[in-house]
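What follows is a single structure, written as structure tokens, with notes after it.
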Amino acid sequence: MRLGVWLLLPLSFGGCSGGYPLEPTPCDELCHVTKGNACPEDYRPAACVVTCEQGDFDAEPCRQLFDAVIACFRDSPGAAEQRCDYFTPYEQRACQAQQEAFGVCVSLVQGYRYE
């Protein structure tokens, strides 16, 4: 009987106790609300955050546009999933304008030619 109690203790008090010790970064937030701009089967949260942070997406001068993308997705339930709905025309998808403006800004800041 004593063995059974010891086997249950790690299950009861393990890593599922909740709480995350660090505050989410802006990139964490972006990847959470946009689902990494991917369909569910392709979403890789860690890769999304790394790409965002390496791309310095939350730095000035694009910060307001970055925040606008986060706010739009947060305020538009289903917007992230809408990208995987191939029956919704591209230009009618929620938050598309915010994403495009942000993408242009990032491209210009990083020195890419946007056409």
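Within each chain, counting starts at residue 1; across the structure tokens, chains are named A, B, ... in the order shown, with ligands numbered 1 upward in that order.
Excluding Thr34 of chain A itself and same-chain residues fewer than 4 positions from it, the residues having an atom within 8 Å of it are Leu30, Ala38, Ile70, Phe73, Ala79 and Ala80 of chain A, counting only C-alpha atoms.
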Hey, can you spit out that residue selection with N, CA and C atoms as a compact mmCIF listing (two decimals), in the first residue's frame?
# COMPACT_ATOMS: atom_id res chain seq x y z
N LEU A 30 1.87 37.69 -29.67
CA LEU A 30 1.59 37.66 -31.10
C LEU A 30 1.37 36.24 -31.58
N ALA A 38 -0.29 30.21 -38.92
CA ALA A 38 -0.28 28.88 -39.53
C ALA A 38 -1.61 28.17 -39.27
N ILE A 70 -1.81 42.43 -32.94
CA ILE A 70 -2.20 41.69 -31.73
C ILE A 70 -3.61 42.06 -31.31
N PHE A 73 -6.36 40.59 -33.74
CA PHE A 73 -6.60 39.16 -33.55
C PHE A 73 -7.27 38.87 -32.21
N ALA A 79 -10.33 34.80 -36.17
CA ALA A 79 -9.51 35.38 -37.24
C ALA A 79 -8.32 34.49 -37.58
N ALA A 80 -7.70 33.89 -36.58
CA ALA A 80 -6.54 33.02 -36.84
C ALA A 80 -6.96 31.80 -37.65
query = Using only C-alpha atoms, which residues sit within 9 Å of segment 27-29 of chain A once same-chain residues fewer than 4 positions away are excluded, as a PyMOL selection string?
reply = chain A and resi 33-34+45-46+48-53+57-58+70
task = Skip Phe102 of chain A itself and residues of its chain fewer than 6 positions away, then list as a PyMOL selection string all residues within 7 Å of it, counting only C-alpha atoms.
result = chain A and resi 62+65-66
The selected residues should be written to file as a tab-separated table (two decimals), in the first residue's frame (atoms: C-alpha atoms).
chain	number	residue	atom	x	y	z
A	62	CYS	CA	6.90	49.09	-36.30
A	65	LEU	CA	1.60	48.21	-36.19
A	66	PHE	CA	2.75	45.14	-34.22
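Between atom CA of Gly111 of chain A and atom CA of Gln96 of chain A the interatomic distance comes to 22.3 Å.
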key: Picked from segment 26-105 of chain A by DSSP as helix (DSSP H, G or I), as a VMD selection string   = chain A and resid 26 to 37 40 to 42 45 to 54 63 to 75 79 to 82 90 to 92 96 to 105
